[in-house]
file entry_28.tsv (TSV, C-alpha atoms)
chain	number	residue	atom	x	y	z
L	1	MET	CA	-30.76	-6.30	25.97
L	2	THR	CA	-27.66	-6.20	28.18
L	3	HIS	CA	-25.05	-5.76	25.46
L	4	PRO	CA	-24.72	-4.37	21.92
L	5	ALA	CA	-26.42	-6.66	19.42
L	6	PRO	CA	-24.70	-7.37	16.11
L	7	LYS	CA	-26.61	-7.39	12.87
L	8	GLU	CA	-28.21	-10.82	12.55
L	9	TRP	CA	-26.51	-11.52	9.23
L	10	ILE	CA	-23.07	-11.04	10.81
L	11	LEU	CA	-23.77	-14.01	13.07
L	12	GLY	CA	-24.12	-16.14	9.94
L	13	ILE	CA	-20.47	-15.58	8.99
L	14	SER	CA	-17.92	-18.29	9.60
L	15	ALA	CA	-14.64	-16.46	10.10
L	16	TYR	CA	-11.95	-17.04	7.48
L	17	VAL	CA	-9.49	-19.71	8.63
L	18	PRO	CA	-5.93	-19.09	7.38
L	19	GLY	CA	-3.60	-21.90	6.38
L	20	LYS	CA	-1.68	-23.60	9.15
L	21	ALA	CA	1.89	-22.56	9.93
L	22	MET	CA	2.32	-24.56	13.15
L	23	SER	CA	1.70	-28.20	14.00
L	24	ASP	CA	-0.87	-29.19	16.61
L	25	ASP	CA	1.95	-29.52	19.15
L	26	GLY	CA	3.40	-26.10	18.32
L	27	ARG	CA	6.21	-27.05	15.93
L	28	PRO	CA	6.88	-24.63	13.05
L	29	LEU	CA	6.01	-26.21	9.70
L	30	ILE	CA	7.06	-25.75	6.09
L	31	LYS	CA	4.03	-23.80	4.93
L	32	LEU	CA	2.40	-25.35	1.87
L	33	SER	CA	-1.04	-24.22	3.00
L	34	ALA	CA	-1.29	-20.60	1.81
L	35	ASN	CA	-0.11	-20.62	-1.84
L	36	GLU	CA	2.86	-18.33	-1.21
L	37	ASN	CA	5.79	-18.14	-3.64
L	38	PRO	CA	8.38	-20.70	-2.49
L	39	LEU	CA	11.11	-18.68	-4.21
L	40	GLY	CA	10.32	-15.66	-2.05
L	41	THR	CA	10.41	-12.05	-3.24
L	42	SER	CA	12.40	-10.58	-6.11
L	43	ALA	CA	15.56	-8.66	-5.19
L	44	ALA	CA	14.19	-5.56	-6.92
L	45	ALA	CA	11.01	-5.59	-4.86
L	46	HIS	CA	12.88	-6.25	-1.63
L	47	SER	CA	15.34	-3.42	-2.26
L	48	ALA	CA	12.52	-1.01	-3.07
L	49	LEU	CA	10.70	-1.95	0.13
L	50	VAL	CA	13.79	-1.43	2.29
L	51	ALA	CA	14.57	1.92	0.69
L	52	ALA	CA	11.01	3.16	1.10
L	53	SER	CA	10.94	2.16	4.78
L	54	ALA	CA	13.31	4.99	5.76
L	55	ASP	CA	10.44	7.43	6.42
L	56	LEU	CA	7.94	5.96	8.86
L	57	ALA	CA	6.41	9.21	10.08
L	58	THR	CA	4.75	10.33	6.86
L	59	TYR	CA	1.48	9.02	5.48
L	60	PRO	CA	1.75	7.10	2.20
L	61	ASP	CA	0.64	8.60	-1.10
L	62	PRO	CA	-3.16	8.29	-0.82
L	63	ALA	CA	-3.46	7.94	-4.59
L	64	ALA	CA	-0.70	5.30	-4.89
L	65	THR	CA	0.38	7.19	-8.01
L	66	LYS	CA	3.64	5.41	-8.83
L	67	LEU	CA	2.09	1.99	-8.17
L	68	ARG	CA	-0.92	2.69	-10.41
L	69	GLU	CA	1.33	4.00	-13.16
L	70	ALA	CA	3.59	0.94	-12.97
L	71	ILE	CA	0.65	-1.47	-13.13
L	72	ALA	CA	-0.87	0.44	-16.03
L	73	ARG	CA	2.42	0.51	-17.94
L	74	VAL	CA	2.95	-3.25	-17.63
L	75	HIS	CA	-0.61	-4.24	-18.50
L	76	GLY	CA	-1.53	-1.51	-21.00
L	77	LEU	CA	-4.20	0.07	-18.81
L	78	ASP	CA	-5.46	3.53	-17.90
L	79	PRO	CA	-3.82	4.37	-14.54
L	80	ALA	CA	-6.86	6.42	-13.52
L	81	ARG	CA	-8.91	3.24	-13.53
L	82	VAL	CA	-6.54	1.18	-11.39
L	83	VAL	CA	-7.75	0.77	-7.80
L	84	TYR	CA	-5.65	-0.66	-4.96
L	85	GLY	CA	-6.30	-2.39	-1.67
L	86	THR	CA	-4.89	-4.34	1.23
L	87	GLY	CA	-4.66	-7.49	-0.79
L	88	SER	CA	-7.31	-8.29	-3.36
L	89	ASP	CA	-9.47	-9.37	-0.39
L	90	GLU	CA	-10.25	-5.73	0.40
L	91	LEU	CA	-11.37	-5.14	-3.17
L	92	LEU	CA	-13.66	-8.19	-3.06
L	93	HIS	CA	-15.28	-6.84	0.09
L	94	LEU	CA	-15.58	-3.38	-1.47
L	95	ALA	CA	-17.33	-4.84	-4.51
L	96	ALA	CA	-19.96	-6.47	-2.32
L	97	SER	CA	-20.28	-3.37	-0.13
L	98	GLY	CA	-20.69	-1.04	-3.09
L	99	TYR	CA	-23.23	-3.05	-5.02
L	100	ALA	CA	-25.11	-5.41	-2.70
L	101	GLY	CA	-26.99	-5.28	0.59
L	102	PRO	CA	-30.01	-6.71	2.42
L	103	GLY	CA	-32.46	-8.23	-0.03
L	104	ASP	CA	-29.80	-8.69	-2.73
L	105	GLU	CA	-28.00	-11.84	-3.85
L	106	VAL	CA	-24.30	-12.49	-4.42
L	107	LEU	CA	-23.63	-15.44	-6.71
L	108	TYR	CA	-20.58	-17.67	-7.01
L	109	VAL	CA	-19.73	-21.24	-7.92
L	110	ARG	CA	-19.49	-24.15	-5.50
L	111	TYR	CA	-15.92	-24.58	-4.23
L	112	GLY	CA	-15.21	-20.90	-4.83
L	113	PHE	CA	-12.95	-18.70	-2.70
L	114	ALA	CA	-14.14	-18.64	0.93
L	115	VAL	CA	-14.09	-14.82	1.08
L	116	TYR	CA	-17.06	-14.56	-1.32
L	117	ASP	CA	-19.45	-15.94	1.27
L	118	ILE	CA	-18.03	-13.65	3.96
L	119	ALA	CA	-18.18	-10.58	1.68
L	120	ALA	CA	-21.83	-11.27	0.87
L	121	ARG	CA	-22.96	-11.90	4.43
L	122	ARG	CA	-20.99	-8.95	5.77
L	123	VAL	CA	-23.27	-6.53	3.91
L	124	GLY	CA	-26.47	-8.46	4.62
L	125	ALA	CA	-26.76	-9.92	1.11
L	126	THR	CA	-27.74	-13.52	0.49
L	127	PRO	CA	-24.98	-15.80	-0.83
L	128	VAL	CA	-26.14	-18.06	-3.66
L	129	VAL	CA	-24.01	-21.03	-4.69
L	130	ALA	CA	-24.24	-22.54	-8.18
L	131	PRO	CA	-23.27	-26.18	-8.77
L	132	ASP	CA	-19.81	-26.98	-10.11
L	133	ALA	CA	-18.87	-29.19	-13.05
L	134	ASP	CA	-16.36	-31.72	-11.72
L	135	TYR	CA	-14.83	-29.07	-9.41
L	136	ALA	CA	-14.73	-26.48	-12.22
L	137	THR	CA	-16.98	-23.52	-13.00
L	138	ASP	CA	-20.22	-24.32	-14.83
L	139	VAL	CA	-21.25	-21.15	-16.68
L	140	ASP	CA	-24.70	-22.53	-17.48
L	141	ALA	CA	-25.29	-23.27	-13.80
L	142	LEU	CA	-24.22	-19.75	-12.83
L	143	LEU	CA	-26.56	-18.18	-15.39
L	144	ALA	CA	-29.40	-20.45	-14.27
L	145	HIS	CA	-29.04	-19.14	-10.71
L	146	VAL	CA	-29.27	-15.48	-11.66
L	147	THR	CA	-32.46	-13.86	-10.36
L	148	GLU	CA	-33.85	-10.34	-10.26
L	149	ARG	CA	-32.10	-10.00	-6.89
L	150	THR	CA	-28.62	-10.86	-8.18
L	151	LYS	CA	-26.26	-7.88	-7.87
L	152	VAL	CA	-22.73	-9.35	-7.86
L	153	VAL	CA	-21.21	-12.47	-9.42
L	154	PHE	CA	-17.80	-13.59	-8.13
L	155	LEU	CA	-15.63	-15.88	-10.24
L	156	ALA	CA	-12.03	-16.81	-9.42
L	157	ASN	CA	-10.03	-17.72	-12.52
L	158	PRO	CA	-7.96	-19.82	-11.99
L	159	ASN	CA	-10.17	-20.91	-9.13
L	160	ASN	CA	-9.16	-21.30	-5.51
L	161	PRO	CA	-9.21	-23.92	-3.99
L	162	THR	CA	-9.61	-26.17	-7.03
L	163	GLY	CA	-7.07	-24.65	-9.45
L	164	THR	CA	-9.47	-25.09	-12.37
L	165	MET	CA	-9.54	-22.64	-15.28
L	166	THR	CA	-12.51	-21.18	-17.17
L	167	PRO	CA	-11.49	-20.40	-20.78
L	168	ARG	CA	-11.87	-17.02	-22.45
L	169	ALA	CA	-14.91	-18.02	-24.52
L	170	GLU	CA	-16.80	-19.12	-21.41
L	171	ILE	CA	-15.95	-15.91	-19.55
L	172	ALA	CA	-17.28	-13.94	-22.52
L	173	ARG	CA	-20.42	-16.09	-22.59
L	174	LEU	CA	-21.00	-15.57	-18.88
L	175	HIS	CA	-20.65	-11.83	-19.20
L	176	ALA	CA	-22.95	-11.71	-22.21
L	177	GLY	CA	-25.58	-13.64	-20.25
L	178	LEU	CA	-25.63	-11.26	-17.29
L	179	ARG	CA	-27.83	-8.18	-17.00
L	180	PRO	CA	-25.87	-4.93	-17.30
L	181	ASP	CA	-26.78	-4.00	-13.71
L	182	ILE	CA	-24.93	-7.07	-12.33
L	183	LEU	CA	-21.28	-6.55	-11.41
L	184	LEU	CA	-19.08	-9.42	-12.63
L	185	VAL	CA	-15.97	-9.69	-10.44
L	186	LEU	CA	-13.17	-11.73	-12.02
L	187	ASP	CA	-10.77	-12.65	-9.25
L	188	GLN	CA	-7.44	-13.25	-11.01
L	189	ALA	CA	-5.19	-13.83	-7.99
L	190	TYR	CA	-3.37	-16.60	-9.88
L	191	ALA	CA	-3.44	-15.12	-13.39
L	192	GLU	CA	0.33	-14.65	-13.55
L	193	TYR	CA	0.78	-18.42	-13.44
L	194	LEU	CA	-0.98	-18.78	-16.80
L	195	ASP	CA	0.77	-18.98	-20.15
L	196	ALA	CA	0.02	-16.07	-22.50
L	197	ASP	CA	-2.39	-18.13	-24.62
L	198	GLU	CA	-4.42	-19.06	-21.53
L	199	ASP	CA	-5.46	-15.49	-20.65
L	200	ASP	CA	-9.20	-15.37	-19.99
L	201	GLY	CA	-9.63	-11.91	-21.51
L	202	GLY	CA	-10.79	-10.35	-18.25
L	203	LEU	CA	-8.68	-7.21	-18.44
L	204	GLU	CA	-9.67	-6.65	-22.06
L	205	LEU	CA	-13.31	-7.03	-21.06
L	206	ALA	CA	-12.89	-4.58	-18.18
L	207	LYS	CA	-11.51	-1.97	-20.58
L	208	THR	CA	-14.88	-1.59	-22.29
L	209	ALA	CA	-17.56	-3.29	-20.18
L	210	PRO	CA	-19.08	-1.01	-17.52
L	211	ASN	CA	-19.96	-3.92	-15.23
L	212	VAL	CA	-16.68	-5.89	-14.96
L	213	LEU	CA	-14.15	-5.62	-12.15
L	214	VAL	CA	-10.89	-7.59	-12.38
L	215	THR	CA	-8.89	-8.06	-9.18
L	216	ARG	CA	-5.30	-9.21	-8.77
L	217	THR	CA	-2.83	-9.59	-5.92
L	218	PHE	CA	0.86	-9.18	-5.16
L	219	SER	CA	0.66	-11.97	-2.55
L	220	LYS	CA	1.19	-14.91	-4.90
L	221	ILE	CA	3.70	-14.89	-7.76
L	222	HIS	CA	5.19	-11.54	-6.68
L	223	GLY	CA	5.98	-12.87	-3.18
L	224	LEU	CA	4.65	-9.86	-1.24
L	225	ALA	CA	2.05	-11.58	0.93
L	226	ALA	CA	3.41	-9.94	4.09
L	227	GLU	CA	2.68	-6.47	2.70
L	228	ARG	CA	-0.98	-7.16	1.76
L	229	ILE	CA	-1.31	-5.41	-1.60
L	230	GLY	CA	-3.90	-5.98	-4.30
L	231	TRP	CA	-5.18	-4.07	-7.28
L	232	GLY	CA	-8.16	-3.99	-9.57
L	233	TYR	CA	-9.34	-2.59	-12.89
L	234	ALA	CA	-12.82	-1.52	-13.92
L	235	SER	CA	-14.82	1.28	-15.49
L	236	ALA	CA	-14.36	4.79	-14.11
L	237	ASP	CA	-17.79	4.56	-12.46
L	238	VAL	CA	-17.01	1.32	-10.62
L	239	VAL	CA	-13.58	2.56	-9.55
L	240	ASP	CA	-15.18	5.74	-8.21
L	241	ILE	CA	-17.51	3.71	-6.00
L	242	LEU	CA	-14.66	1.57	-4.65
L	243	HIS	CA	-12.56	4.65	-3.86
L	244	ARG	CA	-15.47	6.14	-1.90
L	245	ILE	CA	-15.52	3.24	0.55
L	246	ARG	CA	-11.95	1.90	0.65
L	247	GLY	CA	-9.76	2.68	3.62
L	248	PRO	CA	-7.73	5.88	3.25
L	249	PHE	CA	-3.96	5.36	3.03
L	250	ASN	CA	-4.73	1.65	2.71
L	251	VAL	CA	-1.44	0.62	1.06
L	252	THR	CA	1.76	1.52	2.91
L	253	THR	CA	4.58	3.58	1.44
L	254	ALA	CA	6.94	0.60	1.47
L	255	GLY	CA	4.24	-1.65	0.05
L	256	GLN	CA	3.57	0.72	-2.82
L	257	ALA	CA	7.26	0.90	-3.67
L	258	ALA	CA	7.79	-2.86	-3.43
L	259	ALA	CA	4.73	-3.61	-5.56
L	260	ALA	CA	5.72	-1.07	-8.23
L	261	ALA	CA	9.12	-2.76	-8.49
L	262	ALA	CA	7.63	-6.25	-8.42
L	263	VAL	CA	5.12	-5.74	-11.22
L	264	GLN	CA	7.92	-4.52	-13.51
L	265	ASP	CA	10.33	-7.38	-12.68
L	266	MET	CA	9.19	-9.66	-15.48
L	267	ALA	CA	12.26	-11.89	-15.17
L	268	TRP	CA	11.20	-12.82	-11.64
L	269	VAL	CA	7.64	-13.49	-12.73
L	270	GLU	CA	8.83	-15.71	-15.59
L	271	ALA	CA	11.21	-17.66	-13.35
L	272	SER	CA	8.48	-18.19	-10.75
L	273	ARG	CA	5.99	-19.27	-13.41
L	274	ALA	CA	8.46	-21.73	-14.95
L	275	HIS	CA	9.31	-23.26	-11.57
L	276	ASN	CA	5.65	-23.65	-10.70
L	277	SER	CA	4.72	-25.14	-14.07
L	278	ARG	CA	7.48	-27.74	-13.90
L	279	TRP	CA	6.88	-28.95	-10.37
L	280	ARG	CA	3.09	-28.73	-10.50
L	281	ALA	CA	3.15	-31.08	-13.50
L	282	TRP	CA	5.63	-33.36	-11.78
L	283	LEU	CA	3.58	-33.61	-8.58
L	284	ALA	CA	0.38	-34.16	-10.57
L	285	GLY	CA	2.10	-37.05	-12.32
L	286	GLU	CA	3.14	-38.57	-9.00
L	287	VAL	CA	-0.45	-38.33	-7.72
L	288	THR	CA	-1.79	-39.88	-10.93
L	289	ALA	CA	0.57	-42.80	-10.37
L	290	LEU	CA	-1.27	-43.37	-7.07
L	291	SER	CA	-4.73	-43.46	-8.69
L	292	ASN	CA	-5.05	-47.15	-7.86
L	293	HIS	CA	-4.98	-46.03	-4.21
L	294	GLY	CA	-7.83	-43.57	-4.74
L	295	LEU	CA	-5.78	-40.38	-5.18
L	296	ARG	CA	-6.59	-37.86	-7.90
L	297	ALA	CA	-5.19	-34.40	-8.72
L	298	VAL	CA	-7.73	-31.93	-10.08
L	299	PRO	CA	-6.20	-30.26	-13.19
L	300	SER	CA	-4.70	-26.99	-11.97
L	301	LYS	CA	-3.54	-23.75	-13.56
L	302	ALA	CA	-2.61	-22.15	-10.22
L	303	ASN	CA	0.36	-22.62	-7.87
L	304	PHE	CA	-1.21	-25.50	-5.99
L	305	LEU	CA	-2.89	-28.85	-6.50
L	306	LEU	CA	-6.19	-29.99	-5.06
L	307	ILE	CA	-5.71	-33.67	-4.34
L	308	LEU	CA	-8.79	-35.81	-3.77
L	309	PHE	CA	-8.62	-38.89	-1.54
L	310	ASP	CA	-11.28	-41.48	-2.33
L	311	GLY	CA	-9.48	-44.62	-1.21
L	312	ARG	CA	-8.32	-46.01	2.12
L	313	LEU	CA	-6.10	-43.01	2.80
L	314	SER	CA	-8.27	-40.05	3.81
L	315	ALA	CA	-7.45	-36.40	3.24
L	316	GLN	CA	-7.44	-35.79	6.97
L	317	ALA	CA	-4.99	-38.64	7.57
L	318	ALA	CA	-2.81	-37.40	4.73
L	319	MET	CA	-2.79	-33.90	6.22
L	320	GLN	CA	-1.76	-35.31	9.58
L	321	GLY	CA	0.94	-37.50	8.06
L	322	LEU	CA	2.39	-34.58	6.13
L	323	MET	CA	2.27	-32.49	9.31
L	324	ASP	CA	4.25	-35.18	11.12
L	325	GLU	CA	6.76	-34.91	8.27
L	326	GLY	CA	6.98	-31.14	8.84
L	327	PHE	CA	4.58	-29.82	6.16
L	328	ALA	CA	1.47	-27.66	6.57
L	329	THR	CA	-1.20	-28.31	3.93
L	330	ARG	CA	-4.82	-27.18	3.63
L	331	TRP	CA	-7.53	-29.70	4.50
L	332	LEU	CA	-10.78	-28.35	3.04
L	333	ALA	CA	-13.45	-29.92	5.24
L	334	GLY	CA	-14.81	-26.43	6.00
L	335	GLN	CA	-15.56	-25.93	2.29
L	336	ASP	CA	-17.45	-29.22	1.88
L	337	LEU	CA	-14.31	-30.88	0.54
L	338	ALA	CA	-13.55	-33.28	3.36
L	339	ASN	CA	-11.87	-35.56	0.81
L	340	GLY	CA	-9.65	-32.75	-0.50
L	341	LEU	CA	-6.20	-31.53	0.43
L	342	ARG	CA	-4.80	-28.39	-1.20
L	343	ILE	CA	-1.02	-28.39	-1.45
L	344	THR	CA	1.04	-25.40	-2.57
L	345	ILE	CA	3.83	-26.10	-5.05
L	346	GLY	CA	6.98	-25.58	-3.01
L	347	THR	CA	10.65	-25.91	-3.80
L	348	GLU	CA	11.92	-28.99	-5.64
L	349	GLU	CA	13.06	-30.54	-2.36
L	350	GLN	CA	9.71	-29.89	-0.71
L	351	VAL	CA	7.65	-31.21	-3.62
L	352	ARG	CA	9.72	-34.40	-3.81
L	353	ALA	CA	9.38	-34.94	-0.07
L	354	VAL	CA	5.60	-34.44	-0.18
L	355	ALA	CA	5.27	-36.91	-3.06
L	356	ALA	CA	7.36	-39.52	-1.25
L	357	LYS	CA	5.29	-39.17	1.91
L	358	LEU	CA	2.01	-39.41	0.00
L	359	ARG	CA	3.21	-42.59	-1.69
L	360	ALA	CA	4.30	-44.11	1.59
L	361	MET	CA	0.98	-43.32	3.27
L	362	ALA	CA	-1.12	-44.50	0.33
L	363	GLU	CA	0.72	-47.82	0.09
L	364	ALA	CA	0.50	-48.39	3.84
L	365	ALA	CA	-3.21	-47.56	4.15
call {"tool": "encode", "arguments": {"input": "entry_28.tsv", "output": "structure tokens"}}
result
Amino acid sequence: MTHPAPKEWILGISAYVPGKAMSDDGRPLIKLSANENPLGTSAAAHSALVAASADLATYPDPAATKLREAIARVHGLDPARVVYGTGSDELLHLAASGYAGPGDEVLYVRYGFAVYDIAARRVGATPVVAPDADYATDVDALLAHVTERTKVVFLANPNNPTGTMTPRAEIARLHAGLRPDILLVLDQAYAEYLDADEDDGGLELAKTAPNVLVTRTFSKIHGLAAERIGWGYASADVVDILHRIRGPFNVTTAGQAAAAAAVQDMAWVEASRAHNSRWRAWLAGEVTALSNHGLRAVPSKANFLLILFDGRLSAQAAMQGLMDEGFATRWLAGQDLANGLRITIGTEEQVRAVAAKLRAMAEAA
């Protein structure tokens, strides 16, 4: 051996590929590939970030006290059981690291978030993929794929990249069907885009169930993707394990302040939700009008649409055409969705322009 050898399971990881921001020829694009908030960041969060950036020489509060207290106040939680990370991605990795390893299995649904596979393989666990039900989560399929080796089940709700939603009763049924030694991770990165009556009950479940971890992020509706802040809620025992292995000082001082302001700015959240709901429905309607050309929008509860191309116009060609028009979108060939294009709901002007281009390409194909 002439060089350090990595663990063999690390070689099985396909590195996460972020959404495009530049065209193939180097032009900057309007980024509808990463599900960011097109309205930006709330003024309250921005002001808090700027104010907290004055001191750059001091380490941040390692306990993120004010952030935990703000999250707990808004959501009716115990602040001692709020855990925080560099985006919810860190918490997903911590869940796999804390509860799975070589010889264990990590289970998730087909067309789930790409990080689940990486998180499983990173710790030497075996990723197990359950079949979907028309791009949505099939609880029966998940339960059927549980074995004595299953240690963690990941479920994004709403799901990324499909946007589909698993209702409260199905989440409860999934949890009831799992052994108590299996950690159920409910990834709620897009939960703030739901109406109140669409809540899947995850946080309520995490209040009493010892084997449920709910994760959320400030990167989506709160518009703080640049700061990389996520949070989670679980039993005291699970939170203790995550704290043992998370990075120290993992959320910056400015990030903590901005997130604490953002989570309490309900007016911003409501405005962002209303904008997304209106233009997601409008774009879905425009895609439905092109169904005779083989286009279909998967029903979404997130801030994006997964559009399927099963006619003459391919998803790859649509991605290229939109890129020529100045838009970055997410072609999902790497997730076995070569016929799928995920498009973030942008501003009104952007959504109208995307719809017009899709129509022009579909009719010309």
call {"tool": "residues_around", "arguments": {"input": "entry_28.tsv", "residues": "Gly112 in chain L", "least_positions_apart": "4", "cutoff": "7 Å", "atoms": "only C-alpha atoms", "output": "MDAnalysis selection string"}}
result
chainID L and resid 108 156 159:161
call {"tool": "residues_around", "arguments": {"input": "entry_28.tsv", "residues": "Thr150 in chain L", "least_positions_apart": "5", "cutoff": "12 Å", "atoms": "only C-alpha atoms", "output": "list of chain:residue names"}}
result
L:Ala96, L:Tyr99, L:Ala100, L:Gly101, L:Pro102, L:Gly103, L:Asp104, L:Glu105, L:Val106, L:Leu107, L:Tyr108, L:Ala120, L:Ala125, L:Thr126, L:Pro127, L:Val128, L:Val129, L:Leu142, L:Leu143, L:Ala144, L:His145, L:Leu178, L:Arg179, L:Pro180, L:Asp181, L:Ile182, L:Leu183, L:Leu184
call {"tool": "closest_residue", "arguments": {"input": "entry_28.tsv", "among": "L:Asp336, L:Asp324, L:Glu192, L:Asp25", "to": "Arg110 in chain L", "atoms": "all atoms listed in the file"}}
result
L:Asp336
call {"tool": "atom_distance", "arguments": {"input": "entry_28.tsv", "atom1": "CA of Thr65 in chain L", "atom2": "CA of Met266 in chain L"}}
result
20.4 Å
call {"tool": "closest_residue", "arguments": {"input": "entry_28.tsv", "among": "L:Ala191, L:Ala281, L:Ala333, L:Ile241", "to": "His222 in chain L", "atoms": "only C-alpha atoms"}}
result
L:Ala191
call {"tool": "residues_around", "arguments": {"input": "entry_28.tsv", "residues": "Gln335 in chain L", "least_positions_apart": "2", "cutoff": "8 Å", "atoms": "all atoms listed in the file", "output": "PDB file with C-alpha atoms, keeping the file's coordinate frame"}}
result
ATOM      1  CA  TYR L 111     -15.920 -24.580  -4.230  1.00  0.00           C
ATOM      2  CA  ALA L 114     -14.140 -18.640   0.930  1.00  0.00           C
ATOM      3  CA  LEU L 332     -10.780 -28.350   3.040  1.00  0.00           C
ATOM      4  CA  ALA L 333     -13.450 -29.920   5.240  1.00  0.00           C
ATOM      5  CA  LEU L 337     -14.310 -30.880   0.540  1.00  0.00           C
ATOM      6  CA  ALA L 338     -13.550 -33.280   3.360  1.00  0.00           C
TER       7      ALA L 338
END
call {"tool": "atom_distance", "arguments": {"input": "entry_28.tsv", "atom1": "CA of Val83 in chain L", "atom2": "CA of Lys207 in chain L"}}
result
13.6 Å
call {"tool": "closest_residue", "arguments": {"input": "entry_28.tsv", "among": "L:Ala169, L:Ala57, L:Val354, L:Ala45", "to": "Ala259 in chain L", "atoms": "only C-alpha atoms"}}
result
L:Ala45
call {"tool": "closest_residue", "arguments": {"input": "entry_28.tsv", "among": "L:Phe113, L:Phe249, L:Phe218, L:Phe327", "to": "Ile345 in chain L", "atoms": "all atoms listed in the file"}}
result
L:Phe327
